Structure formats: structure tokens, C-alpha cells
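The structure under discussion appears below in the form of C-alpha cells.
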Protein chains: 2
Amino acid sequence: MTGNETNRGRSGGRASRRAMRTAPDFTMLAGLENKLPLCEIMDGAGVERIDNASMDILENTGIQFRDPIALADWKKAGAKVVDEMVYLDRGLVRELIASIPEGFTYRARNRKNDIKLGGRHAMFVPMTGAPYLRDLDDVRRNPTLDDLAMFHKLSHMMPALHSSAHHIVEPYDHPISQRHLRITYSSMKYSDKTFMGMTTSPKNAEDVMDMCAILFGDDVMEQHAVTTGNCNGNSPLVWDETMLGAMRAFSRRNQPVLCSPFVLGGANTPASVPVAVAQLNAEALSALAYTQVIRKGAPAIYGHFLSTVSMQSGAPMAGTPEISQMNFMIGQMARHYKVPWRTSNTLGGAKTFDAQAGYESASTLSAVMHSGANYIWHSAGWNEAGMHCSVAKFVVDAEQCAMAYRLAEGLNWEDFDVALDAVADIGPGGHYLGHQHTQDNFQTAFFMPKLFDNNSIEQWTAEGSIEITQRALNHARNLLDMYEEPKLDPAKDEELLDFIARREYEIPAADELNQSF
Amino acid sequence: MTGNETNRGRSGGRASRRAMRTAPDFTMLAGLENKLPLCEIMDGAGVERIDNASMDILENTGIQFRDPIALADWKKAGAKVVDEMVYLDRGLVRELIASIPEGFTYRARNRKNDIKLGGRHAMFVPMTGAPYLRDLDDVRRNPTLDDLAMFHKLSHMMPALHSSAHHIVEPYDHPISQRHLRITYSSMKYSDKTFMGMTTSPKNAEDVMDMCAILFGDDVMEQHAVTTGNCNGNSPLVWDETMLGAMRAFSRRNQPVLCSPFVLGGANTPASVPVAVAQLNAEALSALAYTQVIRKGAPAIYGHFLSTVSMQSGAPMAGTPEISQMNFMIGQMARHYKVPWRTSNTLGGAKTFDAQAGYESASTLSAVMHSGANYIWHSAGWNEAGMHCSVAKFVVDAEQCAMAYRLAEGLNWEDFDVALDAVADIGPGGHYLGHQHTQDNFQTAFFMPKLFDNNSIEQWTAEGSIEITQRALNHARNLLDMYEEPKLDPAKDEELLDFIARREYEIPAADELNQSF
């Protein structure tokens with residue numbers, strides 16, 4: 001029996017449900033429609049105060065665009081530019097971001113896996129960027145292309161994951177300068193869900209666009225989002241040439257960019273939750289506005305990577321209350337601007353998959369759900385502040401996402417009257433296990449996490465006293481044994497491989513490592 | 001440096017904050033005022049539908065009161081009684097519960113530790129009832145009175161815990177029939193926070209009342225809540241003699257009872273989230289109403305123990321989405337009836353303090369905070385579905401409660417303009433660590449969990465690769481080394497000990513074990 005694939009589907013008869021119990025079903029859950037009431041911790045005046053503070057920053061303090069093309073673009077767009085500093089009038093910002101679509105459909109090569117984004121529509125995307133993995137033996141080491149393929153396969157099989165992302169782990173066995181090609185191919189090949197595009201340099205981003213054009217067609221890309229690219233800001237108040245060049249590569253081709261200030265609260269922001277958000281908001285708005293300078297109407301996503309900093313180590317922390325508060329606030333700001341937004345999920349700072357990782361991840365996941373985020377990134381595997389991706393945590397996080405998905409689906413009132421009749425049938429002191437309604441609905445009424453052990457200690461001991469890490473690794477091995485590669489049109493496959501061969505011939509096999517979170 | 005006591009206090013100068021860094025402060029956090037927007041997953045029609053279904057159950061299916069005194073009381077109160085079945089007209093129920101106070105102050109022997117309950121006012125209470133502990137060496141074994149005292153001491157020292165509860169663990173080294181006396185004394189002696197009263201039998205409850213009268217005075221008890229007693233229902237739709245007798249002992253003396261149906265969704269309720277809540281609500285209402293038959297105007301708390309059941313083992317699960325949904329719903333119902341309500345927090349089903357326990361506990365805690373519960377029980381130590389209380393988990397959970405407390409305090413806008421000035425001061429590309437505002441506010445702006453490790457893997461390894469369980473146990477040992485017993489008036493102490501000696505002489509040292517959750 002597999003991870004999170006059995007507790008779904010409120011329609012269908014008993015036979016179909018019995019079939020679900022016996023045959024694992026890896027079908028992707030449809031894009032999440034989050035029906036939870038959202039946690040709005042600011043009133044209207046609070047939202048205005050943040051908006052106003054951000055606009056003041058943009059007008060008076062300014063944002064540094066360390067990139068001659070962007071500076072020229074901004075001049076043309078009517079902004080005040082002094083050296084590398086750009087001062088953005090709030091009227092101009094509002095005018096520009098107004099053309100960002102409130103939502104869009106993110107297309108997958110298997111159209112059944114298309115995802116709606118924006119408003120209440122959301123998706124879970126696995127973690128990316130880990131320089132280490134904890135592998136199927138829980139050994140921490142540098143990853144390879146095979147490891148990356150393994151994570152793409154697991155992404156493909158976990159129903160609550162809506163994307164295979166891109167470099168879940170950094171494949172160290174391939175030259176950095178050519179890695180983006182192999183990473184993109186791996187995302188495309190081993191899963192037919194949506195995937196992300198590398199933004200490690202403007203040229204790499206162009207390569208990704210060209211590969212997407214092979215897979216989807218240029219005409220489709222002109223009309224539809226087929227990948228997403230992340231561009232990190234250098235907080236405070238800086239956007240650099242690499243990210244801006246990658247942004248142009250994506251936005252010009254009508255592909256959505258995540259405009260993600262990289263915020264470590266207290267280190268590169270003031271030690272104030274509301275002002276950290278005001279600064280982050282200014283940074284995000286400046287990049288969102290720039291996407292519309294590049295191409296009016298191109299989809300774009302309000303992004304951020306967000307943490308607070310440990311005073312002891314300077315490292316980002318996870319699962320702290322201020323991170324939750326900032327997520328709530330940023331959700332409110334993004335809705336205020338009517339732009340889809342991205343956050344980070346299930347983050348852990350623990351070195352192993354211990355209870356710390358569990359608390360951190362679940363706290364983050366909960367805040368993310370109540371904040372109403374659309375693009376829910378880093379939803380599986382993240383531990384050690386992103387330094388490693390854990391196979392065990394990957395599959396547990398993915399099941400946690402399935403549980404959050406269930407939570408966000410809202411209440412099922414459909415069988416209310418029938419279930420109420422059961423109360424009268426059973427009466428005081430009875431039990432419901434034998435009742436027809438229970439037998440018909442037990443399987444679907446309550447989520448049964450497969451990776452949590454709820455046996456008695458006697459049974460648990462008899463089964464070898466296996467803690468969650470080992471159970472999860474066993475589960476991952478089982479999944480991989482059952483993996484079936486989703487068919488890729490051989491002609492496109494060949495064209496992709498030809499493209500990679502040509503580019504690998506052209507690109508020298510030495511470059512610098514760039515990571516994006 | 002201790003657990004969760006340093007990240008508080010937004011007032012006071014730098015000197016006082018520096019003092020906080022060096023001297024551990026075990027002062028209890030004031031009763032929580034939960035400022036989070038609550039997660040109301042039902043609209044008004046949903047609340048009415050549940051209310052109506054519950055009232056239908058009470059009128060037509062009826063509730064069994066297996067207790068001749070209660071049956072006589074109900075007859076006198078105008079209910080229809082047939083054998084042991086009581087049929088409650090909705091008008092009578094509404095009339096009775098209307099006299100339950102919306103809130104009250106829960107008095108501690110140290111009046112600085114008094115707690116407001118009701119509305120947005122809430123408290124964290126440690127777990128109780130564990131037949132095993134995982135001790136300071138993480139060994140699972142039966143507990144003793146000394147172990148219980150240890151947990152009472154830890155409860156006393158953890159700032160976010162507002163109570164020492166009662167039998168956190170079952171002291172197996174003392175006869176069952178006399179245990180309630182020693183447990184109550186231990187709660188009273190080792191902490192000066194609020195505590196709970198045993199309800200294991202009507203006579204035991206009377207003993208607790210008498211001990212409270214010694215500690216607080218009968219006159220005080222007539223006016224104020226000085227303890228709380230839990231009475232579990234036998235779902236579906238049964239209240240038994242033991243619990244009803246204990247309820248009478250408490251309510252007659254004006255002490256609040258938690259009216260707690262014990263719900264295992266799908267086993268003793270239908271397999272439907274809304275109908276499980278409708279049944280639970282009917283059960284809770286019937287007992288809440290009965291408290292007012294016993295004594296009109298006595299404080300009472302809408303309670304429940306709530307879980308969904310594992311199909312594999314029949315054991316209660318923790319951290320599942322339906323448990324969160326039910327918490328949200330019950331919060332809405334309790335607010336609808338204007339009655340304070342109790343829930344269960346940080347529950348784990350894991351056999352050890354592994355990542356499973358972390359996910360389960362944090363998921364539950366989050367739902368509890370967003371549901372607006374008042375009496376947040378089982379807030380520290382609960383694992384293995386309540387079969388053991390873990391010392392390690394106890395201190396970590398208590399720190400998690402401090403983090404949730406911070407989350408629920410809401411945003412600090414006080415220094416908004418000053419912090420915003422820092423953004424202009426620092427400008428693009430700088431960092432804030434050296435800025436005066438950061439130095440003044442870092443300590444208080446961001447919660448720094450002491451039991452989470454955020455060091456690099458190199459440093460973590462150099463320090464011995466210690467996972468959270470061992471770190472937490474080390475922390476607990478340090479706390480216990482620093483424990484100072486809160487002074488108890490020697491005359492009262494003597495009177496309590498005399499009372500115990502007399503009752504232990506009177507009560508035969510053999511009885512049955514009753515647990516309440």
C-alpha cells in the first residue's frame with residue numbers, strides 16, 4: 001500500500017473503493033482549491049500601512065538594478081534612474097503590476113496534470129537546490145544525476161505533488177555549465193507533471209526556453225505557461241544581472257517568473273516583522289513591475305524566500321512564529337495586488353529527520369495553508385536549512401501535503417442526513433464499525449496516513465521498532481520499484497537529446513555554481 | 001540558557017534585556033489572549049445545521065444517564081425520562097446552558113498565576129493520564145510519585161504552561177484508591193500555578209474539593225474556580241455514574257467541569273466529520289446542561305477528547321486533517337453557545353520522539369490555535385496515543401506552546417516607523433546586524449527556539465551529532481537542577497498532610513484504576 005493515494009474520491013461505489021485499497025493509484029490530485037478561511041492578521045489599515053511603506057521605499061530609498069539593460073529599460077519606462085539606483089513612483093508601480101494576470105493555467109505535457117494557479121488555486125512543488133542528499137540508506141552525500149532522476153520519479157508518483165520541479169538536488173557528476181540541460185531533461189523525462197526552469201544564468205534560461213519550445217511548441221508558449229523560473233533578489237533592495245537576465249529570458253517568452261526577495265529577518269531586514277514585510281514587499285513589487293516592462297501581460301508570481309535568523313549561528317531558522325506571521329501578511333499583500341504568490345513549505349533546519357524536522361515542517365505547512373499561498377514550493381524533502389534533500393522526508397512531506405490538501409478541501413456535507421440516521425440506528429452505547437454507512441464511508445471519511453505508525457507498542461516492537469525514517473525509506477524503495485516512466489513522444493525526446501548534445505558541444509564544461517532557492 | 005523564557009517582553013530597556021539573556025526567567029507567561037483570526041470553516045447555516053442535528057438527537061434519540069441521581073434530577077428539571085434514557089427538549093437545553101458563565105478567572109495559589117478563561121482567553125495545560133513515561137534516560141517504564149513530582153516541577157518552570165495539571169503520569173508506587181490524594185498534593189506542592197482535580201470517583205472528587213478548601217478556603221471556592229475536573233462521556237450518547245457523581249462533586253462546589261465526550265471518529269461516531277461533531281455536540285450539551293441542573297451558574301467547560309481511528313490498529317490517530325476540521329467546528333459551536341471550551345494539544349501517536357511525533361504535535365497545535373480553544377489540555381508530553389508521557393517531548397512541546405503564544409499575540413507595530421527608518425539608513429546591499437534598531441530589538445523581535453538546533457552540520461557534528469531527544473533531556477536535567485519549590489504556607493501544608501493521613505487511614509488500599517483523558 002502506498003503513501004497518500006488511497007484516501008480520495010468521495011464518489012464511486014464500494015467496489016471502486018475496494019479496488020483502491022488493493023491497487024496503488026499514483027494519479028495526481030487535481031490542483032488544490034484551498035477552501036480554508038484565510039488567516040488575515042492585518043486589517044485594511046495594516047495592509048495600507050505596509051503598501052504605503054513599500055511605496056515610500058521604492059520612491060525615496062530606491063532599488064538597485066545591477067544590470068545595464070534593466071536600467072535602460074527602466075529609463076524608457078519613465079522611472080527615475082541615478083547610476084544603478086531606480087526610483088519607482090507608486091503610480092508607475094501600480095500601473096505596471098495591474099497587467100499581471102490574477103491567475104493562469106500552468107500546462108503539463110500530460111494535460112491531465114495541468115494546474116490552475118491564482119486566487120484560491122494552488123499547487124505543491126518539491127524542494128530544489130540541495131547540494132547534498134540523504135539517500136535511500138540515509139547517508140548524506142553529494143547527489144548525482146541518478147539521484148535527481150530518483151527524486152523526479154518520486155515527484156511523479158506522489159499524488160499531492162503537482163510538479164517535478166527542477167534541480168531538487170544538484171547533480172555533481174555533471175559539469176556545472178551544462179547541468180541545466182540535464183536537469184531540465186530529467187524533469188521532462190521522468191514525470192509528465194509541470195516542472196520548473198533553471199535560471200542560473202540568462203543563457204541557461206534561454207536554453208530552458210528552447211527545450212520547452214521543443215516539448216510544447218513556441219505557439220503554445222506564446223499563449224500558455226509551461227514552466228516557471230525563480231529569480232532571487234539580493235535583499236536589501238538589490239536585483240542583479242544574472243537574475244534580471246534570466247527574468248527577461250522567461251518573461252519575453254511569456255513564462256512566469258517568481259520574483260523572490262531572499263529575506264533573512266534581522267540580518268538583511270530590520271528586526272521587525274511588519275517592516276521586514278514592507279521591505280520584502282517593495283523588493284517583490286519592483287521585480288513584478290519589471291516583468292511587465294519586459295512584456296506587458298506576461299504572467300508573474302509574487303515570490304519570496306523568507307526566514308528568521310538564529311542569533312547563535314546566523315543560519316536561517318524554520319517553523320518560527322514570525323515566519324508564519326510574515327506568510328499571513330504576504331498573502332494579504334499579494335491578494336491586495338491581485339497577483340498569485342509563492343511561499344516555501346515544510347522547511348526544516350534539523351540535521352537529521354528527527355522530531356525537530358517534524359515540528360518545523362508541520363508548523364510551516366500549516367501557516368502556508370492558512371496564508372492561502374498559490375505556488376507552494378519546497379513542499380518535500382527540505383532539511384538542514386536546505387543543505388540536503390532527504391529521501392525519507394521527501395515522501396513523508398508529500399503525504400503531509402496530501403493531508404493538508406484534504407484539510408483545505410473543506411467539509412463533506414453530502415451524506416449528512418444518512419450519517420445522522422446512523423446515530424439514531426446505533427443509539428447509546430453502541431459502536432458504528434458494523435454499520436453500513438461506516439463500511440461505505442470509512443475509507444474516504446478519514447485520512448489514514450500510511451507513514452505514521454499507530455500500532456500498539458507491542459505490535460510496533462514485534463515489527464522491529466521501526467521509526468519513521470526507516471519506514472519512509474522502505475516506502476520510497478517500494479515506490480521506485482513500481483515506477484513506470486510516462487511515455488514521451490520519441491520524436492520530441494530525440495529532438496531534446498539533439499539539442500542537449502549541440503549545446504554541450506558549444507558550452508565549455510567549466511562555470512560557476514549558482515543556486516536559487 | 002533555558003527553554004522558552006527569553007523571547008518575551010517588548011518593553012524595558014537594553015539592560016533588562018541583557019539581564020534576560022544571562023539569568024533564566026521561569027516566570028509564567030500571562031494567560032494567552034489569542035489574537036489570531038479564527039478558522040471558521042462553517043458558515044452560519046452550517047452552525048445551525050449542526051445545532052439542529054444535535055438538538056434532534058437530544059430530543060428524539062436521547063442520552064443515557066446511567067445514574068439514578070442524575071435521572072431523578074432530570075425528572076425534577078422537567079426532562080422526559082424513560083428508564084435510563086433522558087430526552088431533552090431543545091428549549092430546556094438552551095435555557096440551562098444560558099446560565100453557564102462565558103468566562104471566568106481560574107485562581108492559582110500564587111495569584112500572579114491566575115488565568116482568565118473564555119472568549120479569547122486561553123491556557124496551556126500539560127498532558128495527563130499516562131500509564132508510562134519515557135524518563136530522563138528515555139527509558140519507557142511505569143511512573144512513580146517522584147516522576148509525577150518531576151513533571152509538576154517542569155510544569156512549574158516552563159513559562160508557557162499555565163497549570164501543573166494533576167496525574168500527568170500515573171504513580172504506580174502508591175495504591176490506586178489513595179492515589180488521588182498524593183497526586184493532588186503533588187500538584188499543589190511543587191507548583192503554584194493552577195492545577196486540575198481528580199475525578200476518578202465521586203468520593204475522590206469530594207476529597208479533592210476538601211483539599212482545595214484547605215488550600216483556598218470554602219468561601220473562596222464559592223466565588224472562584226480553583227481547580228477543574230474532567231468528566232468523560234462514553235460516546236455514543238452515554239454518561240456514567242462515576243463521571244456524573246464526580247461532576248456533582250465539582251459543580252456543587254462551584255468548580256468547573258470539562259464535559260468531554262470521548263470520540264473516536266468512525267468507531268463510536270458515524271464516518272462523517274460533520275455528523276461526528278453533531279453527535280459530540282449533543283453529548284457535550286447534555287452534560288453542560290446537567291451542570292446547571294446541579295448548580296445554576298456554576299462554571300462549566302465544553303470538552304471533548306477527539307480522534308479519528310486507524311483502520312489497521314483501531315488506535316486513535318493524531319494530526320490528521322479531520323481532527324483539525326473537527327476542532328475548527330467545535331470552536332464555532334462553543335462560541336455559538338457562548339461557553340468556554342477545551343481541546344487537546346500536541347498529541348502524538350509515535351512510539352518514540354521521532355519525526356512522526358513532531359509532525360503530529362505541530363499539526364495539532366496549529367489547528368488548536370486557529371480554532372480558538374480556551375482550555376488547551378495535553379499541551380506537553382503526550383506520545384504513543386497517550387500511553388506515555390515523554391520528558392523530552394514535554395519540554396519541547398512546552399517551547400512549542402511558547403512559540404504558538406507568540407504567534408497568537410499578533411503583530412508588533414510599535415516600532416514600525418523607527419524600523420522603517422533603518423531601511424533608509426542601510427539602503428541597497430547592506431546588512432542590518434550592526435544597526436542600532438537591530439541591536440535593540442533582535443532579541444525580542446524573533447523567537448529563537450532553544451531546543452531546535454540551527455547550527456551548521458560541521459558545528460553540530462563537532463558537538464556530538466545530538467538529535468533533539470537528547471538535547472531536550474539535557475535541558476530537562478538542567479531545569480530540574482535549577483528548580484526552586486514555591487513556598488507553601490506551612491500551616492496549610494500541615495493541614496493537607498493531616499487530611500491525607502486521615503483519608504489514607506479511612507480508604508482501603510485496593511481499588512480499580514480509572515483514567516480520564
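Just remember, in the C-alpha cells the first chain shown is A, the second B, etc., residues are 1-based per chain, and ligands are 1-based in the order shown.
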* To do: Name all residues at most 9 Å from segment 36-41 of chain A (count only C-alpha atoms; drop same-chain ones fewer than 3 positions away) and give them as an MDAnalysis selection string.
  => (chainID A and resid 46 325 328:329 331:332 367 369:372 407:410) or (chainID B and resid 35:41 370 410:411)
* Asked: What residues in segment 443-494 of chain A get the DSSP label helix (DSSP H, G or I)? Please answer as a PyMOL selection string.
  -> chain A and resi 443-445+457-462+468-482+490-494
* To do: Can you pull out every residue within 6 Å of Ala108 of chain A, counting only C-alpha atoms, but drop anything in the same chain fewer than 2 positions away, and send it as number ranges by chain?
  => A: 110-111, 113-114, 193-194
* State, in Å with one decimal place, the distance from atom CA of Met403 of chain A to atom CA of Trp341 of chain B. => 25.6 Å
* Backbone-only DSSP, strand (DSSP E or B) members of segment 336-423 of chain A, as JSON, numbers by chain -> {"A": [341, 342, 343, 344, 354, 375, 376, 377, 382, 383, 388, 389, 390]}
* Asked: What lies within 9 Å of Ser456 of chain A using only C-alpha atoms, ignoring chain neighbours under 5 positions off, as a list in words?
  -> Thr461 of chain A; Ser313, Ala315, Lys351, Glu384 and Ala385 of chain B
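Excluding Gly429 of chain B itself and any same-chain residue fewer than 3 positions from it, the protein and nucleic acid residues within 8 Å of it, counting only C-alpha atoms, are Asn234, Ser235, Pro236, Leu237 and Val238 of chain A; Ile426 of chain B.
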Write out, as an mmCIF file, in the first residue's frame, the residues just selected, with N, CA, C and O atoms.
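Wrote result_14.cif, looks like this:
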```cif
data_model
loop_
_atom_site.group_PDB
_atom_site.id
_atom_site.type_symbol
_atom_site.label_atom_id
_atom_site.label_comp_id
_atom_site.auth_asym_id
_atom_site.auth_seq_id
_atom_site.Cartn_x
_atom_site.Cartn_y
_atom_site.Cartn_z
ATOM 1 N N ASN A 234 18.570 40.180 -4.076
ATOM 2 C CA ASN A 234 19.581 40.226 -3.021
ATOM 3 C C ASN A 234 19.135 41.264 -2.002
ATOM 4 O O ASN A 234 19.485 42.432 -2.092
ATOM 5 N N SER A 235 18.388 40.833 -1.050
ATOM 6 C CA SER A 235 17.896 41.777 -0.061
ATOM 7 C C SER A 235 19.064 42.287 0.767
ATOM 8 O O SER A 235 19.984 41.511 1.056
ATOM 9 N N PRO A 236 19.085 43.557 1.177
ATOM 10 C CA PRO A 236 18.045 44.523 0.886
ATOM 11 C C PRO A 236 18.195 45.235 -0.465
ATOM 12 O O PRO A 236 19.282 45.659 -0.828
ATOM 13 N N LEU A 237 17.100 45.280 -1.199
ATOM 14 C CA LEU A 237 16.887 46.255 -2.274
ATOM 15 C C LEU A 237 17.833 46.159 -3.463
ATOM 16 O O LEU A 237 18.156 47.180 -4.071
ATOM 17 N N VAL A 238 18.249 44.941 -3.794
ATOM 18 C CA VAL A 238 19.135 44.769 -4.956
ATOM 19 C C VAL A 238 18.622 43.645 -5.854
ATOM 20 O O VAL A 238 18.250 42.578 -5.359
ATOM 21 N N ILE B 426 20.160 51.877 5.918
ATOM 22 C CA ILE B 426 21.027 50.798 5.410
ATOM 23 C C ILE B 426 21.088 50.830 3.890
ATOM 24 O O ILE B 426 22.163 50.713 3.301
#
```
* Mind checking which residues fall within 9 Å of Ser307 of chain B, counting only C-alpha atoms, ignoring those fewer than 4 positions away in the same chain, and posting them as a PyMOL selection string? => chain B and resi 262-265+316-320+322-323
* To do: Would you mind listing what lies within 10 Å of Ala404 of chain A as a PyMOL selection string, with only C-alpha atoms counted and same-chain residues fewer than 2 positions away left out?
  => (chain A and resi 32+34+160+362+365-366+368-369+398-402+406-409) or (chain B and resi 320-321+363)
Expected file: the selected residues, all heavy atoms, as a CSV table (one decimal), in the first residue's frame:
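Result written to part02.csv:
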```csv
chain,number,residue,atom,x,y,z
A,32,LEU,N,-4.9,22.1,-6.2
A,32,LEU,CA,-5.6,22.3,-4.9
A,32,LEU,C,-6.5,23.6,-5.0
A,32,LEU,O,-6.1,24.6,-5.5
A,32,LEU,CB,-4.6,22.6,-3.8
A,32,LEU,CG,-5.0,23.2,-2.5
A,32,LEU,CD1,-5.9,22.2,-1.8
A,32,LEU,CD2,-3.8,23.5,-1.6
A,34,ASN,N,-8.1,25.8,-2.3
A,34,ASN,CA,-8.0,26.0,-0.9
A,34,ASN,C,-9.2,26.7,-0.4
A,34,ASN,O,-9.4,27.8,-0.6
A,34,ASN,CB,-6.7,26.8,-0.6
A,34,ASN,CG,-6.5,26.9,0.9
A,34,ASN,OD1,-7.3,26.6,1.8
A,34,ASN,ND2,-5.3,27.3,1.3
A,160,ALA,N,0.1,14.2,-4.2
A,160,ALA,CA,-0.1,15.6,-3.8
A,160,ALA,C,1.0,16.5,-4.4
A,160,ALA,O,0.8,17.8,-4.2
A,160,ALA,CB,-0.1,15.7,-2.3
A,362,ALA,N,5.8,20.8,9.9
A,362,ALA,CA,4.3,20.9,10.1
A,362,ALA,C,3.9,22.3,10.4
A,362,ALA,O,2.8,22.7,10.0
A,362,ALA,CB,3.9,19.9,11.1
A,365,LEU,N,4.0,24.2,7.1
A,365,LEU,CA,2.9,23.7,6.3
A,365,LEU,C,1.5,24.3,6.7
A,365,LEU,O,0.8,24.8,5.9
A,365,LEU,CB,2.8,22.2,6.3
A,365,LEU,CG,1.6,21.5,5.6
A,365,LEU,CD1,1.5,22.0,4.1
A,365,LEU,CD2,1.7,20.0,5.7
A,366,SER,N,1.3,24.3,8.0
A,366,SER,CA,0.1,24.8,8.5
A,366,SER,C,-0.1,26.3,8.2
A,366,SER,O,-1.1,26.8,7.7
A,366,SER,CB,0.0,24.6,10.0
A,366,SER,OG,-1.0,25.5,10.6
A,368,VAL,N,1.3,28.0,5.9
A,368,VAL,CA,1.2,28.1,4.4
A,368,VAL,C,-0.2,27.9,4.0
A,368,VAL,O,-0.8,28.7,3.2
A,368,VAL,CB,2.2,27.1,3.7
A,368,VAL,CG1,1.8,26.9,2.3
A,368,VAL,CG2,3.6,27.6,3.9
A,369,MET,N,-0.9,26.9,4.5
A,369,MET,CA,-2.2,26.6,4.2
A,369,MET,C,-3.2,27.8,4.6
A,369,MET,O,-4.0,28.2,3.9
A,369,MET,CB,-2.7,25.3,4.8
A,369,MET,CG,-2.0,24.1,4.3
A,369,MET,SD,-1.8,23.9,2.5
A,369,MET,CE,-3.4,23.6,2.0
A,398,ALA,N,5.4,14.7,1.3
A,398,ALA,CA,4.4,14.6,0.3
A,398,ALA,C,3.1,14.1,0.8
A,398,ALA,O,2.0,14.5,0.4
A,398,ALA,CB,5.0,13.7,-0.9
A,399,GLU,N,3.2,13.2,1.8
A,399,GLU,CA,2.0,12.7,2.4
A,399,GLU,C,1.3,13.8,3.3
A,399,GLU,O,0.1,13.9,3.3
A,399,GLU,CB,2.2,11.4,3.3
A,399,GLU,CG,1.0,10.9,3.9
A,399,GLU,CD,1.1,9.5,4.6
A,399,GLU,OE1,1.7,9.5,5.6
A,399,GLU,OE2,0.7,8.5,4.0
A,400,GLN,N,2.2,14.6,3.9
A,400,GLN,CA,1.7,15.7,4.7
A,400,GLN,C,0.9,16.7,3.8
A,400,GLN,O,-0.1,17.2,4.2
A,400,GLN,CB,2.8,16.4,5.4
A,400,GLN,CG,3.4,15.6,6.5
A,400,GLN,CD,2.5,15.5,7.7
A,400,GLN,OE1,1.9,16.5,8.2
A,400,GLN,NE2,2.2,14.3,8.2
A,401,CYS,N,1.5,16.9,2.6
A,401,CYS,CA,0.8,17.8,1.7
A,401,CYS,C,-0.6,17.2,1.3
A,401,CYS,O,-1.6,17.9,1.1
A,401,CYS,CB,1.6,18.0,0.4
A,401,CYS,SG,3.1,19.0,0.7
A,402,ALA,N,-0.7,15.9,1.1
A,402,ALA,CA,-1.9,15.2,0.8
A,402,ALA,C,-2.9,15.4,2.0
A,402,ALA,O,-4.1,15.6,1.8
A,402,ALA,CB,-1.7,13.7,0.6
A,406,ARG,N,-6.4,17.6,1.9
A,406,ARG,CA,-7.7,17.1,2.5
A,406,ARG,C,-8.3,18.2,3.4
A,406,ARG,O,-9.5,18.5,3.3
A,406,ARG,CB,-7.5,15.8,3.2
A,406,ARG,CG,-8.7,15.4,4.0
A,406,ARG,CD,-10.0,15.1,3.2
A,406,ARG,NE,-9.8,13.9,2.5
A,406,ARG,CZ,-10.1,12.6,2.9
A,406,ARG,NH1,-10.6,12.5,4.1
A,406,ARG,NH2,-9.8,11.6,2.2
A,407,LEU,N,-7.4,18.7,4.3
A,407,LEU,CA,-7.9,19.8,5.2
A,407,LEU,C,-8.5,20.9,4.4
A,407,LEU,O,-9.6,21.5,4.8
A,407,LEU,CB,-6.7,20.3,6.0
A,407,LEU,CG,-7.0,21.4,7.0
A,407,LEU,CD1,-7.9,20.9,8.2
A,407,LEU,CD2,-5.7,22.0,7.6
A,408,ALA,N,-7.8,21.3,3.3
A,408,ALA,CA,-8.2,22.5,2.6
A,408,ALA,C,-9.4,22.3,1.7
A,408,ALA,O,-10.1,23.2,1.2
A,408,ALA,CB,-7.1,23.0,1.8
A,409,GLU,N,-9.8,21.0,1.5
A,409,GLU,CA,-10.9,20.7,0.6
A,409,GLU,C,-12.2,21.1,1.3
A,409,GLU,O,-13.3,21.2,0.7
A,409,GLU,CB,-11.0,19.2,0.4
A,409,GLU,CG,-10.2,18.7,-0.8
A,409,GLU,CD,-10.4,17.2,-1.0
A,409,GLU,OE1,-10.3,16.4,0.0
A,409,GLU,OE2,-10.6,16.8,-2.1
B,320,THR,N,-4.3,14.3,12.1
B,320,THR,CA,-5.0,14.1,10.8
B,320,THR,C,-5.9,15.3,10.5
B,320,THR,O,-6.3,16.0,11.4
B,320,THR,CB,-5.9,12.8,10.8
B,320,THR,OG1,-6.9,13.0,11.8
B,320,THR,CG2,-5.0,11.6,11.2
B,321,PRO,N,-6.1,15.5,9.2
B,321,PRO,CA,-6.9,16.7,8.8
B,321,PRO,C,-8.3,16.8,9.4
B,321,PRO,O,-8.8,17.8,9.7
B,321,PRO,CB,-6.9,16.6,7.3
B,321,PRO,CG,-6.5,15.2,6.9
B,321,PRO,CD,-5.7,14.7,8.0
B,363,SER,N,1.0,19.8,14.0
B,363,SER,CA,-0.2,19.9,13.2
B,363,SER,C,-1.4,20.2,14.2
B,363,SER,O,-2.3,21.0,13.9
B,363,SER,CB,-0.5,18.6,12.4
B,363,SER,OG,0.5,18.4,11.5
```
* Choose the residue, out of B:Leu497, B:Ala476, B:Ile183, B:Leu420, that has the smallest atom-to-atom separation from chain A; count only C-alpha atoms. => B:Leu420
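The shortest atom-to-atom distance to chain B, with only C-alpha atoms taken into account, belongs to A:Ala53 out of A:Leu181, A:Leu215, A:Val257, A:Ala53.
Closest to Asp397 of chain A among A:Phe124, A:Met198, A:Gly31, A:Trp460 is A:Phe124, based on only C-alpha atoms.
Compared by their closest atoms to Met158 of chain B, and using only C-alpha atoms, the residues B:Ala300, B:Ala380, B:Val139, B:Ala79 rank with B:Ala380 nearest.
Minimum atom-to-atom distances from A:Pro428, A:Arg134, A:Gln459, A:Glu495 to Gly233 of chain B were compared using only C-alpha atoms, and the lowest value belongs to A:Pro428.
Taking atom CA of Tyr483 of chain A as the reference point, atom CA of His180 of chain A is found at 24.2 Å.
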